[in-house]
>>> print(open('coords_39.cif').read())   # mmCIF, C-alpha atoms
data_run
#
loop_
_atom_site.label_atom_id
_atom_site.label_comp_id
_atom_site.auth_asym_id
_atom_site.auth_seq_id
_atom_site.Cartn_x
_atom_site.Cartn_y
_atom_site.Cartn_z
CA MET A 1 -75.05 139.21 144.23
CA PRO A 2 -71.83 137.39 143.40
CA VAL A 3 -72.20 133.90 142.01
CA ASP A 4 -71.84 131.20 144.67
CA GLN A 5 -68.23 129.89 144.81
CA SER A 6 -69.46 126.38 145.66
CA LEU A 7 -70.58 126.04 142.03
CA VAL A 8 -67.04 125.22 140.89
CA GLY A 9 -66.90 121.59 139.81
CA ARG A 10 -70.68 121.25 139.60
CA VAL A 11 -71.90 119.16 136.66
CA PHE A 12 -75.37 120.06 135.39
CA PRO A 13 -77.80 117.50 133.94
CA PRO A 14 -77.49 116.78 130.19
CA THR A 15 -79.72 118.83 127.91
CA ARG A 16 -82.63 117.04 126.28
CA PRO A 17 -81.68 115.21 123.06
CA TYR A 18 -81.49 117.61 120.11
CA VAL A 19 -82.04 116.17 116.65
CA VAL A 20 -79.84 117.89 114.07
CA SER A 21 -81.61 118.33 110.74
CA GLU A 22 -80.67 119.94 107.45
CA GLU A 23 -83.42 122.47 108.12
CA LYS A 24 -81.91 123.50 111.48
CA ILE A 25 -78.43 123.78 109.96
CA ARG A 26 -79.82 125.80 107.02
CA THR A 27 -81.65 128.21 109.36
CA PHE A 28 -78.43 128.71 111.35
CA VAL A 29 -76.23 129.21 108.27
CA GLU A 30 -78.69 131.59 106.59
CA SER A 31 -78.99 133.68 109.77
CA THR A 32 -75.29 134.51 109.38
CA GLY A 33 -75.70 135.32 105.70
CA GLY A 34 -74.37 132.05 104.29
CA GLY A 35 -75.84 129.36 102.07
CA TYR A 36 -76.22 125.65 102.82
CA ALA A 37 -76.41 122.81 100.31
CA GLY A 38 -76.34 119.89 102.77
CA GLY A 39 -73.50 118.16 104.58
CA PRO A 40 -71.73 118.96 107.84
CA ALA A 41 -72.82 121.85 110.05
CA PRO A 42 -70.55 124.90 110.27
CA ALA A 43 -67.93 125.12 113.01
CA THR A 44 -69.93 127.29 115.43
CA PHE A 45 -73.18 125.30 115.14
CA PRO A 46 -72.53 123.32 118.40
CA ILE A 47 -73.09 126.62 120.25
CA VAL A 48 -76.82 125.84 119.91
CA LEU A 49 -76.29 122.90 122.29
CA ALA A 50 -73.81 124.72 124.52
CA PHE A 51 -76.13 127.70 124.79
CA GLU A 52 -79.07 125.54 125.86
CA ALA A 53 -76.89 123.99 128.56
CA MET A 54 -75.76 127.47 129.66
CA ASN A 55 -79.34 128.71 129.81
CA ALA A 56 -80.34 125.82 132.05
CA PHE A 57 -77.36 126.58 134.31
CA LEU A 58 -78.22 130.30 134.49
CA GLU A 59 -81.87 129.56 135.26
CA ALA A 60 -80.93 127.04 137.95
CA GLU A 61 -78.71 129.65 139.62
CA SER A 62 -81.11 132.58 139.05
CA ILE A 63 -78.50 134.47 137.01
CA ASP A 64 -79.95 137.06 134.61
CA LEU A 65 -78.99 136.40 130.98
CA PHE A 66 -79.00 140.12 130.19
CA ARG A 67 -76.10 140.59 132.63
CA ILE A 68 -73.99 138.03 130.78
CA VAL A 69 -71.43 139.02 128.16
CA HIS A 70 -69.43 136.40 126.29
CA GLY A 71 -65.70 136.51 127.09
CA GLU A 72 -64.22 133.57 125.23
CA GLN A 73 -65.30 130.48 123.31
CA LYS A 74 -63.26 127.48 122.18
CA PHE A 75 -64.32 124.37 120.33
CA ALA A 76 -62.40 121.12 119.91
CA TYR A 77 -64.05 118.75 117.47
CA GLU A 78 -63.83 114.97 117.37
CA ARG A 79 -65.82 115.02 114.14
CA PRO A 80 -68.15 117.39 112.27
CA VAL A 81 -71.81 117.64 113.31
CA LEU A 82 -74.04 115.98 110.71
CA PRO A 83 -77.76 115.97 109.93
CA GLY A 84 -79.36 113.08 111.81
CA ASP A 85 -77.11 113.43 114.85
CA VAL A 86 -78.93 113.32 118.18
CA LEU A 87 -76.87 115.48 120.51
CA THR A 88 -76.87 116.38 124.19
CA ALA A 89 -74.64 118.83 126.05
CA THR A 90 -73.41 118.40 129.61
CA LEU A 91 -72.10 121.54 131.27
CA THR A 92 -69.54 121.73 134.07
CA VAL A 93 -68.66 124.92 135.95
CA ALA A 94 -64.87 124.85 135.73
CA THR A 95 -63.73 128.13 137.25
CA LEU A 96 -65.16 131.16 139.00
CA ARG A 97 -63.39 134.43 139.77
CA GLN A 98 -64.55 137.85 140.87
CA ILE A 99 -62.90 140.83 139.16
CA ALA A 100 -64.02 144.45 139.65
CA GLY A 101 -67.52 143.50 140.72
CA ASN A 102 -67.97 141.04 137.84
CA ASP A 103 -68.09 137.26 138.03
CA ILE A 104 -65.90 135.53 135.47
CA ILE A 105 -67.47 132.09 134.99
CA GLY A 106 -65.56 129.39 133.13
CA THR A 107 -67.68 126.54 131.80
CA THR A 108 -66.98 123.45 129.74
CA SER A 109 -69.63 121.56 127.80
CA GLU A 110 -69.21 118.11 126.35
CA ILE A 111 -71.45 117.43 123.37
CA THR A 112 -72.12 113.76 122.78
CA ASP A 113 -74.08 111.84 120.17
CA GLY A 114 -76.79 109.20 120.55
CA SER A 115 -74.20 106.47 121.15
CA GLY A 116 -72.58 108.52 123.92
CA ALA A 117 -69.49 109.30 121.82
CA LEU A 118 -67.93 112.74 122.20
CA VAL A 119 -68.52 114.96 119.16
CA CYS A 120 -67.22 118.28 120.43
CA SER A 121 -65.99 119.73 123.67
CA THR A 122 -66.35 123.43 124.10
CA SER A 123 -65.34 125.91 126.75
CA ALA A 124 -66.84 129.32 127.38
CA THR A 125 -65.94 132.23 129.58
CA LEU A 126 -68.99 134.19 130.68
CA VAL A 127 -68.71 137.63 132.21
CA HIS A 128 -71.54 138.28 134.65
CA ARG A 129 -71.75 142.03 135.06
CA GLY A 130 -72.55 143.02 138.62
CA ALA A 131 -75.62 145.14 139.28
CA ASP A 132 -73.39 148.08 140.25
CA GLY A 133 -71.00 147.53 137.30
CA MET B 1 -49.34 132.81 103.33
CA SER B 2 -51.97 135.54 103.47
CA LEU B 3 -55.55 134.73 102.55
CA ASP B 4 -58.04 137.03 100.79
CA THR B 5 -59.72 139.29 103.34
CA GLN B 6 -63.47 138.72 103.57
CA VAL B 7 -65.94 141.47 104.45
CA PHE B 8 -69.37 140.87 105.98
CA THR B 9 -72.13 143.25 107.06
CA ILE B 10 -74.20 142.80 110.23
CA THR B 11 -77.61 144.47 110.66
CA ARG B 12 -80.08 144.45 113.56
CA ALA B 13 -82.36 142.22 111.45
CA ASP B 14 -79.51 139.69 111.20
CA LEU B 15 -79.26 139.64 115.00
CA VAL B 16 -82.99 138.91 115.31
CA ARG B 17 -82.68 136.00 112.87
CA TYR B 18 -79.55 134.71 114.62
CA ALA B 19 -81.28 134.86 118.01
CA GLU B 20 -84.04 132.61 116.64
CA ALA B 21 -81.59 130.23 114.96
CA SER B 22 -79.18 129.93 117.89
CA GLY B 23 -81.57 130.20 120.83
CA ASP B 24 -79.57 133.15 122.24
CA HIS B 25 -82.27 135.69 123.07
CA ASN B 26 -80.11 137.88 125.29
CA PRO B 27 -81.79 141.32 124.97
CA ILE B 28 -78.41 143.12 124.81
CA HIS B 29 -78.44 141.99 121.16
CA GLN B 30 -81.88 143.47 120.47
CA ASP B 31 -82.79 146.23 122.88
CA GLU B 32 -80.80 149.47 123.13
CA SER B 33 -82.11 150.35 126.61
CA VAL B 34 -81.13 146.97 128.11
CA ALA B 35 -77.69 147.12 126.47
CA VAL B 36 -76.99 150.64 127.72
CA GLY B 37 -78.42 149.71 131.13
CA VAL B 38 -75.68 147.10 131.66
CA GLY B 39 -72.96 149.51 130.56
CA LEU B 40 -72.60 148.58 126.88
CA PRO B 41 -72.24 151.27 124.20
CA GLY B 42 -75.41 150.12 122.40
CA VAL B 43 -76.93 146.99 120.86
CA ILE B 44 -74.02 144.62 120.22
CA ALA B 45 -73.74 141.62 117.94
CA HIS B 46 -73.64 138.20 119.56
CA GLY B 47 -69.98 137.31 119.95
CA MET B 48 -70.94 134.02 118.36
CA TYR B 49 -72.31 135.91 115.34
CA THR B 50 -68.90 137.46 114.71
CA MET B 51 -67.26 134.09 115.35
CA ALA B 52 -69.65 132.51 112.81
CA LEU B 53 -68.50 135.10 110.25
CA ALA B 54 -64.90 134.18 111.00
CA ALA B 55 -65.86 130.52 110.42
CA ARG B 56 -67.47 131.51 107.09
CA ALA B 57 -64.18 133.08 106.01
CA VAL B 58 -62.27 129.95 107.00
CA SER B 59 -64.63 127.74 105.01
CA ALA B 60 -64.37 130.09 102.02
CA TRP B 61 -60.58 129.75 102.16
CA PHE B 62 -60.58 125.99 102.82
CA PRO B 63 -63.89 124.64 101.48
CA ASP B 64 -62.97 120.97 101.85
CA ALA B 65 -61.19 121.09 105.20
CA GLU B 66 -62.50 119.72 108.46
CA VAL B 67 -62.19 122.04 111.45
CA VAL B 68 -60.31 120.39 114.32
CA SER B 69 -60.40 123.33 116.72
CA PHE B 70 -61.59 126.91 116.68
CA GLY B 71 -61.45 129.52 119.41
CA CYS B 72 -61.25 133.21 120.24
CA LYS B 73 -61.75 135.80 122.92
CA PHE B 74 -64.36 138.52 122.55
CA THR B 75 -62.22 141.56 123.24
CA ASN B 76 -64.29 144.45 121.89
CA PRO B 77 -68.04 144.70 121.31
CA VAL B 78 -69.42 145.06 117.77
CA VAL B 79 -72.00 147.84 118.03
CA VAL B 80 -74.76 147.40 115.46
CA PRO B 81 -76.64 150.61 114.56
CA ALA B 82 -80.45 150.73 114.33
CA ASP B 83 -80.21 151.79 110.69
CA GLY B 84 -77.87 150.32 108.10
CA GLY B 85 -75.25 147.90 109.29
CA VAL B 86 -71.68 147.50 110.40
CA ASP B 87 -68.88 145.87 108.43
CA ILE B 88 -66.67 143.13 109.80
CA GLU B 89 -63.37 142.36 108.07
CA VAL B 90 -61.86 138.91 108.44
CA ALA B 91 -58.22 138.54 107.42
CA GLY B 92 -56.27 135.33 107.75
CA GLU B 93 -52.80 133.96 107.56
CA VAL B 94 -51.57 130.38 107.48
CA LYS B 95 -49.20 130.05 110.42
CA SER B 96 -48.17 126.46 109.93
CA ALA B 97 -49.02 123.40 107.89
CA GLU B 98 -47.62 120.13 109.13
CA ASP B 99 -48.75 116.58 109.83
CA GLY B 100 -51.89 117.25 107.76
CA LEU B 101 -52.95 120.08 110.05
CA THR B 102 -53.13 123.71 108.95
CA THR B 103 -53.19 126.46 111.58
CA VAL B 104 -54.84 129.71 110.50
CA ALA B 105 -54.50 132.89 112.56
CA LEU B 106 -57.30 135.36 111.91
CA THR B 107 -57.57 139.09 112.38
CA VAL B 108 -61.17 140.23 112.80
CA THR B 109 -61.80 143.96 112.85
CA CYS B 110 -64.66 146.45 112.91
CA ASP B 111 -63.78 150.03 111.94
CA GLY B 112 -60.11 149.08 112.24
CA VAL B 113 -60.47 147.81 115.83
CA LYS B 114 -59.80 144.15 116.61
CA VAL B 115 -62.98 142.63 118.01
CA LEU B 116 -61.77 139.05 118.49
CA GLY B 117 -58.70 138.14 120.52
CA MET B 118 -56.40 135.41 119.17
CA PRO B 119 -58.95 133.90 116.76
CA ARG B 120 -57.37 130.71 115.51
CA ALA B 121 -58.55 127.67 113.60
CA VAL B 122 -56.82 124.34 113.10
CA LEU B 123 -57.91 122.46 109.99
CA ARG B 124 -57.44 118.98 108.60
CA GLU B 125 -57.29 118.99 104.83
CA ALA B 126 -59.82 116.67 103.23
CA ALA B 127 -57.24 114.98 101.00
CA LEU B 128 -55.18 114.06 104.05
CA ARG B 129 -58.05 112.82 106.19
CA GLY B 130 -58.35 109.35 107.54
#
>>> encode(input="coords_39.cif", output="structure tokens")
Amino acid sequence: MPVDQSLVGRVFPPTRPYVVSEEKIRTFVESTGGGYAGGPAPATFPIVLAFEAMNAFLEAESIDLFRIVHGEQKFAYERPVLPGDVLTATLTVATLRQIAGNDIIGTTSEITDGSGALVCSTSATLVHRGADG
Amino acid sequence: MSLDTQVFTITRADLVRYAEASGDHNPIHQDESVAVGVGLPGVIAHGMYTMALAARAVSAWFPDAEVVSFGCKFTNPVVVPADGGVDIEVAGEVKSAEDGLTTVALTVTCDGVKVLGMPRAVLREAALRG
């Protein structure tokens, strides 16, 4: 089933507040083989928020995660993510195209802190592989 | 200016740990039969895992810099074997440095094949911040 074209422009509800801690950053850094001695989170850490927002979007639209392959990811940072930040992500479906039986879904997620200030905006292209693909 | 190429190894166990840490439990990163079932060549690394390795290289090259932007396409899958691991090479070159911003173009390969498209980071040097 192709993804519904009327999704373009839809803004999904913000994810529940996520409290960044040194422990969460350390777990993330160590899972990619690095070490962490405190301080700002690494550049790709905001994907944790963006991924939660994407999951909620996929569940709401009954899209199977196992049919999704990541096409592109971009981050633009207003400031680094720090321990103690309370972050939420708000996802918008920006674009939707069908190519060769696959849906190419463009999303943007704005990650804001407890005061509502933008910390990072990130865009992702998701390739939804059709059942016959 | 060329930067020292960094080499990292990815194993299936790394992908399990990354799934827990990131929340991305897509089974194409864990389960051979699911991956093959959707047309992939085998279990593949999370694109964001490879991107995280690219970010590690950038922070090794510029330990005190703040990342302003970072992006890439995921052009080829990184197939991770059940036994042993697969090596990822991250090379980098400074493309420009002006107005306190340094642009680094990366080349990220696995077995000589580029796996990220146009990976690029823009950095603000710590000494020039504020």
>>> resolve_selection(input="coords_39.cif", expression="the PyMOL selection byres ((chain A) within 9 of (chain B))", output="VMD selection string")
chain A and resid 24 to 25 27 to 34 42 to 45 47 to 49 51 to 52 55 65 to 80 125 129 to 133
>>> resolve_selection(input="coords_39.cif", expression="the PyMOL selection byres ((chain A and resi 87) around 12)", output="ChimeraX atom specification")
/A:14-21,45-50,52-53,81-86,88-90,109-120
>>> axis_aligned_box(input="coords_39.cif", around="region 34-48 of chain A", padding_each_side="5 Å", output="lines of an AutoDock Vina configuration file")
center_x = -72.4
center_y = 125.1
center_z = 110.3
size_x = 18.9
size_y = 23.9
size_z = 29.9
>>> resolve_selection(input="coords_39.cif", expression="the PyMOL selection byres ((chain B and resi 78-83) around 8)", output="list in words")
Ile10, Thr11, Arg12, Pro41, Gly42, Val43, Ile44, Ala45, Asn76, Pro77, Gly84, Gly85, Val86, Cys110 and Val115 of chain B
>>> residues_around(input="coords_39.cif", residues="Glu89 (chain B)", least_positions_apart="6", cutoff="6 Å", atoms="only C-alpha atoms", output="PyMOL selection string")
chain B and resi 6-7+108-109
>>> atom_distance(input="coords_39.cif", atom1="CA of Ala37 (chain A)", atom2="CA of Glu22 (chain A)")
8.8 Å
>>> residues_around(input="coords_39.cif", residues="Ala65 (chain B)", least_positions_apart="6", cutoff="8 Å", atoms="all atoms listed in the file", output="PyMOL selection string")
chain B and resi 59+123-126
>>> atom_distance(input="coords_39.cif", atom1="CA of Gly101 (chain A)", atom2="CA of Pro2 (chain A)")
7.9 Å
>>> atom_distance(input="coords_39.cif", atom1="CA of Val104 (chain B)", atom2="CA of Leu3 (chain B)")
9.4 Å
>>> closest_residue(input="coords_39.cif", among="B:Ala57, B:Ser96, B:Ala105, B:Asp64", to="Met118 (chain B)", atoms="all atoms listed in the file")
B:Ala105
>>> residues_around(input="coords_39.cif", residues="Leu7 (chain A)", least_positions_apart="5", cutoff="12 Å", atoms="only C-alpha atoms", output="ChimeraX atom specification")
/A:2,12,57-58,60-61,91-97,105-107
>>> residues_around(input="coords_39.cif", residues="Asp4 (chain B)", least_positions_apart="5", cutoff="8 Å", atoms="all atoms listed in the file", output="ChimeraX atom specification")
/B:61,91-92
>>> write_last_selection(input="coords_39.cif", atoms="C-alpha atoms", output="short mmCIF file (atom, residue, chain, number, x, y, z; two decimals), keeping the file's coordinate frame")
data_model
loop_
_atom_site.label_atom_id
_atom_site.label_comp_id
_atom_site.auth_asym_id
_atom_site.auth_seq_id
_atom_site.Cartn_x
_atom_site.Cartn_y
_atom_site.Cartn_z
CA TRP B 61 -60.58 129.75 102.16
CA ALA B 91 -58.22 138.54 107.42
CA GLY B 92 -56.27 135.33 107.75
#
>>> build_atoms(input="coords_39.cif", residues="region 10-43 of chain B", atoms="N, CA and C atoms", output="compact mmCIF listing (two decimals), in the coordinates of the input")
# COMPACT_ATOMS: atom_id res chain seq x y z
N ILE B 10 -73.23 143.25 109.23
CA ILE B 10 -74.20 142.80 110.23
C ILE B 10 -75.24 143.91 110.43
N THR B 11 -76.52 143.53 110.38
CA THR B 11 -77.61 144.47 110.66
C THR B 11 -78.39 143.98 111.89
N ARG B 12 -79.23 144.86 112.43
CA ARG B 12 -80.08 144.45 113.56
C ARG B 12 -80.99 143.28 113.16
N ALA B 13 -81.48 143.31 111.91
CA ALA B 13 -82.36 142.22 111.45
C ALA B 13 -81.61 140.88 111.47
N ASP B 14 -80.32 140.92 111.13
CA ASP B 14 -79.51 139.69 111.20
C ASP B 14 -79.47 139.15 112.63
N LEU B 15 -79.35 140.06 113.59
CA LEU B 15 -79.26 139.64 115.00
C LEU B 15 -80.56 138.98 115.46
N VAL B 16 -81.69 139.51 114.96
CA VAL B 16 -82.99 138.91 115.31
C VAL B 16 -83.07 137.49 114.74
N ARG B 17 -82.64 137.34 113.49
CA ARG B 17 -82.68 136.00 112.87
C ARG B 17 -81.70 135.05 113.57
N TYR B 18 -80.54 135.57 113.95
CA TYR B 18 -79.55 134.71 114.62
C TYR B 18 -80.04 134.30 116.01
N ALA B 19 -80.73 135.20 116.69
CA ALA B 19 -81.28 134.86 118.01
C ALA B 19 -82.23 133.68 117.89
N GLU B 20 -83.09 133.71 116.87
CA GLU B 20 -84.04 132.61 116.64
C GLU B 20 -83.28 131.32 116.32
N ALA B 21 -82.29 131.43 115.44
CA ALA B 21 -81.59 130.23 114.96
C ALA B 21 -80.71 129.60 116.04
N SER B 22 -80.15 130.43 116.91
CA SER B 22 -79.18 129.93 117.89
C SER B 22 -79.80 129.68 119.26
N GLY B 23 -80.96 130.30 119.51
CA GLY B 23 -81.57 130.20 120.83
C GLY B 23 -81.05 131.25 121.81
N ASP B 24 -80.13 132.12 121.35
CA ASP B 24 -79.57 133.15 122.24
C ASP B 24 -80.40 134.43 122.15
N HIS B 25 -81.34 134.54 123.08
CA HIS B 25 -82.27 135.69 123.07
C HIS B 25 -81.86 136.76 124.06
N ASN B 26 -80.58 136.83 124.39
CA ASN B 26 -80.11 137.88 125.29
C ASN B 26 -80.52 139.25 124.73
N PRO B 27 -81.28 140.05 125.51
CA PRO B 27 -81.79 141.32 124.97
C PRO B 27 -80.72 142.37 124.67
N ILE B 28 -79.48 142.16 125.16
CA ILE B 28 -78.41 143.12 124.81
C ILE B 28 -78.13 143.11 123.31
N HIS B 29 -78.63 142.07 122.61
CA HIS B 29 -78.44 141.99 121.16
C HIS B 29 -79.65 142.52 120.40
N GLN B 30 -80.64 143.03 121.12
CA GLN B 30 -81.88 143.47 120.47
C GLN B 30 -82.33 144.84 120.95
N ASP B 31 -82.10 145.12 122.23
CA ASP B 31 -82.79 146.23 122.88
C ASP B 31 -81.76 147.24 123.40
N GLU B 32 -81.77 148.42 122.80
CA GLU B 32 -80.80 149.47 123.13
C GLU B 32 -80.82 149.80 124.64
N SER B 33 -82.03 149.89 125.22
CA SER B 33 -82.11 150.35 126.61
C SER B 33 -81.51 149.31 127.56
N VAL B 34 -81.73 148.02 127.27
CA VAL B 34 -81.13 146.97 128.11
C VAL B 34 -79.61 146.99 127.96
N ALA B 35 -79.13 147.12 126.73
CA ALA B 35 -77.69 147.12 126.47
C ALA B 35 -77.02 148.28 127.21
N VAL B 36 -77.58 149.47 127.06
CA VAL B 36 -76.99 150.64 127.72
C VAL B 36 -77.09 150.49 129.24
N GLY B 37 -78.19 149.88 129.69
CA GLY B 37 -78.42 149.71 131.13
C GLY B 37 -77.37 148.84 131.81
N VAL B 38 -76.74 147.92 131.06
CA VAL B 38 -75.68 147.10 131.66
C VAL B 38 -74.30 147.62 131.28
N GLY B 39 -74.25 148.86 130.77
CA GLY B 39 -72.96 149.51 130.56
C GLY B 39 -72.35 149.32 129.18
N LEU B 40 -73.12 148.76 128.24
CA LEU B 40 -72.60 148.58 126.88
C LEU B 40 -72.86 149.85 126.06
N PRO B 41 -72.08 150.04 124.98
CA PRO B 41 -72.24 151.27 124.20
C PRO B 41 -73.50 151.30 123.34
N GLY B 42 -74.21 150.20 123.23
CA GLY B 42 -75.41 150.12 122.40
C GLY B 42 -75.70 148.66 122.14
N VAL B 43 -76.65 148.39 121.23
CA VAL B 43 -76.93 146.99 120.86
C VAL B 43 -75.66 146.40 120.25
